[in-house]
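Report on one structure; see the data block that follows.
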Amino acid sequence: MRILGIESSCDETGVAVFDDEKGLVGHVLHTQIAMHAEYGGVVPELASRDHIKRVVPLVREVLAQSETSMHDLCAVAYTAGPGLIGALLVGATEARALAYALNIPAVPVHHMEGHLLAPMLEDPAPTFPFVALLISGGHTMLIKVEKPGSYELLGQSVDDAAGEAFDKTAKLLGIPYPGGPGLEKLAQTGNSKAYHFPRPMLDRPNCDFSFAGLKTAVLNAVHASTDLEKQKADIARCFTDAVADTLRHKCERALNLTGLNTLVVAGGVSANTAIRSLLSELMESRGGKAFFARREFCTDNGAMIALAGMMRFKAGQIGTLGVDVFPRWPLDSLKAL
Ligand code: ATP
Ligand code: MG
Ligand code: FE
């Protein structure tokens with residue numbers, strides 16, 4: 001059985017084909033980063049229009065790449081939320097239209113469930129139960145995952161998401177949007193002893209995060225800097241260390257709280273090498289294991305939607321005949337599989 005997965009929640013059009021026996025058999029992606037860069041962030045209307053232009057050619061391309069005939073498809077999965085409403089509607093309408101035409105079900109997928117399950121595209125895949133750390137452009141969450149679909153929220157950011165903190169800090173340092181990858185590169189030449197930025201909320205006995213204060217500390221360092229060109233690598237390095245350290249502490253707390261010893265880390269920020277290393281070290285020191293997706297599947301992609309869609313489809317959780325999109329959609333409201 002093969003499913004087509006379509007992702008269009010923000011600024012990436014991603015399409016993939018997942019086979020329940022062979023795994024991922026094709027995936028293609030168009031990122032709108034260059035288009036939005038001159039505005040310093042995603043412009044929702046431009047995003048929707050670009051998804052409209054890209055989605056059909058990408059569907060054709062991925063079917064050819066994976067040598068899949070449309071008639072081989074058992075269902076079409078699409079990101080139904082959370083995300084930008086106009087952008088979501090493009091993928092949802094394409095998926096629903098294809099499903100009508102082929103007389104197969106359309107399967108609405110939660111974007112964050114897609115991110116959370118993406119490490120299962122790798123070998124070895126994590127096994128349930130585990131603690132998931134979701135760190136993306138719009139979310140920072142710790143989740144207890146008993147089994148697919150059973151998501152208990154342990155904590156989340158009370159202000160900025162981790163990716164947002166990366167993007168805002170990058171902006172202060174003159175790195176173009178989205179700043180995460182550029183900031184990572186800059187940090188590699190920085191001195192980790194140059195600054196000590198705050199590790200927010202470590203004193204609180206919960207699994208919540210806060211990154212707004214860290215951003216202010218970076219802003220103060222930028223203002224106080226006498227030679228920003230020289231010091232920005234140090235700022236990037238110390239900022240990354242502060243985020244990584246905060247994530248490590250909160251993961252440790254979540255693991256202790258749940259008694260689990262498997263950590264799954266997903267979302268765009270999980271592409272960051274320093275964060276991957278620190279969390280891998282944490283799990284090694286506990287005799288457990290950390291799992292990540294390959295870097296290209298940390299940020300938005302169709303593969304994670306096809307995989308999550310296949311799991312929902314197999315459990316009989318298909319969509320209605322309408323175009324279902326939910327710009328806001330709590331992850332812990334999903335049905336367990
Ligand atoms: P959400 O998934 O919460 O709806 P999103 O889809 O916009 O938000 P993702 O695509 O998962 O988020 O990730 C994008 C974010 O990841 C951006 O904030 C980006 O800066 C960050 N990011 C990408 N690569 C890296 C990296 N190497 N280091 C740090 N951050 C990174
Ligand atoms: Mg994106
Ligand atoms: Fe995302």
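Following the order of the structure tokens, chains are lettered A, B, ..., residues in each are numbered from 1, and ligands are numbered from 1.
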List the spatial neighbours of region 235-251 of chain A as a PyMOL selection string - criterion: any atom at most 9 Å away, only C-alpha atoms, same-chain residues fewer than 6 positions off excluded.
chain A and resi 131-133+142+155+162+165-166+169-170+173+183-202+206-209+211+214-215+218+221-222+263+274-276+278-279+282
Output the selection as a compact mmCIF listing (two decimals), in the first residue's frame - N, CA and C atoms for each residue.
```
# COMPACT_ATOMS: atom_id res chain seq x y z
N VAL A 131 9.89 9.87 25.57
CA VAL A 131 9.63 11.30 25.78
C VAL A 131 10.02 11.99 24.47
N ALA A 132 9.18 12.88 23.98
CA ALA A 132 9.50 13.62 22.75
C ALA A 132 9.74 15.09 23.08
N LEU A 133 10.82 15.61 22.55
CA LEU A 133 11.10 17.05 22.63
C LEU A 133 10.86 17.61 21.24
N LEU A 142 7.49 19.34 25.50
CA LEU A 142 7.92 18.03 25.96
C LEU A 142 6.68 17.18 26.09
N GLY A 155 5.12 19.82 29.21
CA GLY A 155 5.51 21.22 29.36
C GLY A 155 5.68 21.85 28.00
N ALA A 162 11.56 27.71 20.55
CA ALA A 162 13.01 27.61 20.40
C ALA A 162 13.47 28.14 19.03
N ALA A 165 13.33 31.83 18.87
CA ALA A 165 14.47 32.42 19.59
C ALA A 165 15.70 32.42 18.69
N PHE A 166 15.91 31.33 17.96
CA PHE A 166 17.03 31.28 17.01
C PHE A 166 16.86 32.34 15.94
N THR A 169 17.31 35.95 17.42
CA THR A 169 18.71 36.20 17.77
C THR A 169 19.53 36.38 16.50
N ALA A 170 19.25 35.54 15.50
CA ALA A 170 19.97 35.65 14.24
C ALA A 170 19.75 37.03 13.62
N LEU A 173 21.86 39.61 14.96
CA LEU A 173 23.26 39.46 14.54
C LEU A 173 23.42 39.67 13.03
N LEU A 183 23.01 30.86 12.07
CA LEU A 183 23.50 31.05 13.43
C LEU A 183 24.35 29.85 13.86
N GLU A 184 23.92 28.67 13.44
CA GLU A 184 24.71 27.47 13.78
C GLU A 184 26.11 27.57 13.19
N LYS A 185 26.19 28.01 11.94
CA LYS A 185 27.49 28.11 11.27
C LYS A 185 28.38 29.13 11.97
N LEU A 186 27.80 30.29 12.29
CA LEU A 186 28.55 31.35 12.95
C LEU A 186 29.06 30.89 14.32
N ALA A 187 28.22 30.15 15.04
CA ALA A 187 28.57 29.73 16.40
C ALA A 187 29.79 28.81 16.43
N GLN A 188 30.04 28.13 15.30
CA GLN A 188 31.15 27.16 15.26
C GLN A 188 32.50 27.81 15.53
N THR A 189 32.63 29.11 15.21
CA THR A 189 33.92 29.77 15.43
C THR A 189 33.91 30.62 16.70
N GLY A 190 32.81 30.54 17.47
CA GLY A 190 32.69 31.37 18.67
C GLY A 190 33.33 30.74 19.90
N ASN A 191 33.61 31.61 20.88
CA ASN A 191 34.20 31.18 22.15
C ASN A 191 33.09 30.99 23.18
N SER A 192 33.01 29.79 23.74
CA SER A 192 31.90 29.48 24.64
C SER A 192 32.03 30.14 26.00
N LYS A 193 33.19 30.76 26.26
CA LYS A 193 33.41 31.39 27.57
C LYS A 193 33.18 32.90 27.52
N ALA A 194 32.91 33.44 26.34
CA ALA A 194 32.85 34.89 26.18
C ALA A 194 31.67 35.53 26.91
N TYR A 195 30.56 34.85 26.95
CA TYR A 195 29.35 35.39 27.61
C TYR A 195 28.72 34.30 28.44
N HIS A 196 27.98 34.72 29.47
CA HIS A 196 27.14 33.71 30.12
C HIS A 196 25.70 34.18 30.07
N PHE A 197 24.93 33.62 29.15
CA PHE A 197 23.53 34.00 29.02
C PHE A 197 22.67 33.17 29.97
N PRO A 198 21.51 33.72 30.37
CA PRO A 198 20.66 33.02 31.34
C PRO A 198 20.08 31.71 30.80
N ARG A 199 19.87 30.76 31.70
CA ARG A 199 19.18 29.50 31.39
C ARG A 199 17.81 29.64 32.03
N PRO A 200 16.84 30.18 31.30
CA PRO A 200 15.57 30.56 31.93
C PRO A 200 14.77 29.37 32.48
N MET A 201 14.13 29.59 33.62
CA MET A 201 13.16 28.65 34.22
C MET A 201 13.78 27.34 34.72
N LEU A 202 15.11 27.27 34.83
CA LEU A 202 15.68 26.02 35.33
C LEU A 202 15.34 25.81 36.80
N ASN A 206 9.13 22.40 36.83
CA ASN A 206 8.24 21.85 35.81
C ASN A 206 8.98 21.66 34.49
N CYS A 207 8.27 21.31 33.45
CA CYS A 207 8.90 21.08 32.14
C CYS A 207 8.59 22.22 31.17
N ASP A 208 8.25 23.40 31.71
CA ASP A 208 7.97 24.54 30.83
C ASP A 208 9.27 25.26 30.46
N PHE A 209 9.20 26.00 29.37
CA PHE A 209 10.36 26.74 28.88
C PHE A 209 10.00 28.22 28.75
N PHE A 211 11.94 31.53 26.51
CA PHE A 211 13.13 31.98 25.78
C PHE A 211 13.16 33.49 25.56
N LEU A 214 16.15 35.26 27.34
CA LEU A 214 17.42 34.96 26.67
C LEU A 214 17.64 35.90 25.49
N LYS A 215 16.55 36.13 24.77
CA LYS A 215 16.59 37.04 23.62
C LYS A 215 16.98 38.45 24.08
N VAL A 218 20.60 38.64 24.83
CA VAL A 218 21.38 38.76 23.59
C VAL A 218 21.31 40.20 23.08
N ALA A 221 23.65 42.29 25.00
CA ALA A 221 25.03 42.00 24.61
C ALA A 221 25.37 42.68 23.28
N VAL A 222 24.40 42.68 22.37
CA VAL A 222 24.61 43.32 21.06
C VAL A 222 24.80 44.83 21.25
N LEU A 263 14.60 9.20 24.32
CA LEU A 263 14.26 10.58 23.98
C LEU A 263 14.22 10.73 22.47
N ALA A 274 25.03 21.14 17.74
CA ALA A 274 25.39 21.30 19.16
C ALA A 274 24.28 20.72 20.04
N ILE A 275 23.03 20.96 19.65
CA ILE A 275 21.90 20.46 20.43
C ILE A 275 21.81 18.94 20.32
N ARG A 276 22.03 18.42 19.12
CA ARG A 276 22.01 16.96 18.94
C ARG A 276 23.08 16.30 19.81
N LEU A 278 24.62 17.44 22.58
CA LEU A 278 24.40 17.54 24.03
C LEU A 278 23.31 16.56 24.48
N LEU A 279 22.24 16.45 23.68
CA LEU A 279 21.15 15.55 24.07
C LEU A 279 21.55 14.08 23.91
N LEU A 282 23.60 13.35 26.96
CA LEU A 282 22.71 13.18 28.12
C LEU A 282 22.18 11.76 28.16
```
Give me every helix (DSSP H, G or I) residue in region 15-237 of chain A, going by DSSP on the backbone, as a VMD selection string.
chain A and resid 33 to 37 44 to 65 70 to 72 85 to 102 111 to 121 162 to 172 179 to 187 212 to 224 228 to 237
Within-7 Å residues of ligand 3, basis only C-alpha atoms and all ligand atoms, as a ChimeraX atom specification:
/A:111-112,115,136-137,267-268,299-300
Dump of C-alpha atoms for the selected residues, as a compact mmCIF listing (two decimals), in the first residue's frame:
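Written file, again-v2.txt:
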```
# COMPACT_ATOMS: atom_id res chain seq x y z
CA HIS A 111 1.77 18.83 11.56
CA MET A 112 3.40 18.33 14.98
CA HIS A 115 7.45 16.16 13.21
CA SER A 136 10.41 23.99 15.87
CA GLY A 137 9.67 27.46 14.56
CA GLY A 267 11.37 19.83 14.64
CA GLY A 268 13.62 22.28 12.79
CA THR A 299 12.38 20.95 9.17
CA ASP A 300 9.07 20.73 7.28
```
Surrounding residues as a PyMOL selection string, ligand 2, max 6 Å, only C-alpha atoms and all ligand atoms
chain A and resi 10-12+300
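Across A:Leu260, A:Ala106, A:Val59, A:Leu88, the tightest approach to Phe130 (chain A) is made by A:Leu260 when counting only C-alpha atoms.
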When distances are computed from only C-alpha atoms and all ligand atoms, which of A:Ala336, A:Ala315, A:Met141, A:Ala254 shows the smallest separation from ligand 1?
A:Met141
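Nearest residue to Thr13 (chain A), choosing from A:Ile143, A:Leu116, A:Gly302, A:Ala75 and counting only C-alpha atoms: A:Gly302.
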With only C-alpha atoms as the counted atoms, please give the residues lying no more than 12 Å from Gly149 (chain A), apart from itself and same-chain residues fewer than 6 positions off, as a ChimeraX atom specification.
/A:109-110,112-114,116-117,128-129,143,308-309,311-312,315,317,331-337
Got time to write the residues from that selection, N, CA and C atoms, as a compact mmCIF listing (two decimals), in the first residue's frame?
```
# COMPACT_ATOMS: atom_id res chain seq x y z
N VAL A 109 -3.63 15.18 8.69
CA VAL A 109 -2.53 14.88 9.61
C VAL A 109 -2.17 16.13 10.40
N HIS A 110 -1.89 15.93 11.69
CA HIS A 110 -1.43 17.01 12.55
C HIS A 110 0.05 17.25 12.27
N MET A 112 2.44 18.64 13.92
CA MET A 112 3.40 18.33 14.98
C MET A 112 3.49 16.82 15.22
N GLU A 113 2.43 16.09 14.92
CA GLU A 113 2.54 14.63 14.98
C GLU A 113 3.50 14.17 13.87
N GLY A 114 3.43 14.84 12.73
CA GLY A 114 4.37 14.55 11.65
C GLY A 114 5.81 14.74 12.13
N LEU A 116 6.94 14.81 15.15
CA LEU A 116 7.23 13.87 16.24
C LEU A 116 7.55 12.47 15.73
N LEU A 117 6.89 12.05 14.65
CA LEU A 117 7.10 10.70 14.14
C LEU A 117 8.23 10.62 13.11
N PHE A 128 8.35 2.72 21.24
CA PHE A 128 7.46 3.31 22.24
C PHE A 128 7.61 2.56 23.57
N PRO A 129 7.38 3.18 24.72
CA PRO A 129 7.06 4.60 24.93
C PRO A 129 8.33 5.45 24.97
N ILE A 143 6.71 15.99 25.51
CA ILE A 143 5.52 15.16 25.44
C ILE A 143 5.83 13.74 25.85
N ALA A 308 2.99 9.66 8.96
CA ALA A 308 1.92 9.80 9.95
C ALA A 308 0.57 9.47 9.32
N GLY A 309 0.40 9.86 8.05
CA GLY A 309 -0.84 9.58 7.33
C GLY A 309 -1.07 8.09 7.17
N MET A 311 0.00 5.75 9.16
CA MET A 311 -0.37 5.20 10.46
C MET A 311 -1.84 5.49 10.79
N ARG A 312 -2.29 6.69 10.51
CA ARG A 312 -3.70 7.06 10.75
C ARG A 312 -4.62 6.26 9.80
N ALA A 315 -5.18 2.80 10.90
CA ALA A 315 -6.05 2.74 12.07
C ALA A 315 -7.49 3.14 11.72
N GLN A 317 -8.48 5.99 10.61
CA GLN A 317 -8.80 7.40 10.93
C GLN A 317 -8.66 8.27 9.69
N LEU A 331 -2.13 19.27 20.08
CA LEU A 331 -1.63 17.92 19.78
C LEU A 331 -2.23 16.88 20.71
N ASP A 332 -2.48 17.26 21.96
CA ASP A 332 -2.98 16.26 22.91
C ASP A 332 -4.49 16.01 22.77
N SER A 333 -5.10 16.60 21.71
CA SER A 333 -6.51 16.30 21.47
C SER A 333 -6.68 15.18 20.44
N LEU A 334 -5.57 14.65 19.92
CA LEU A 334 -5.67 13.60 18.89
C LEU A 334 -6.14 12.29 19.48
N LYS A 335 -6.71 11.45 18.60
CA LYS A 335 -7.11 10.09 19.01
C LYS A 335 -5.89 9.19 19.02
N ALA A 336 -5.79 8.33 20.00
CA ALA A 336 -4.69 7.36 20.04
C ALA A 336 -4.90 6.33 18.93
N LEU A 337 -3.82 5.69 18.50
CA LEU A 337 -3.93 4.67 17.45
C LEU A 337 -3.91 3.28 18.06
```
In Å, how far is it from CA of Leu102 (chain A) to CA of Leu73 (chain A)?
8.4 Å
Ranking A:Leu321, A:Ala47, A:Ala266, A:Leu172 by minimum distance to ligand 1 and counting only C-alpha atoms and all ligand atoms, which one comes first?
A:Ala266
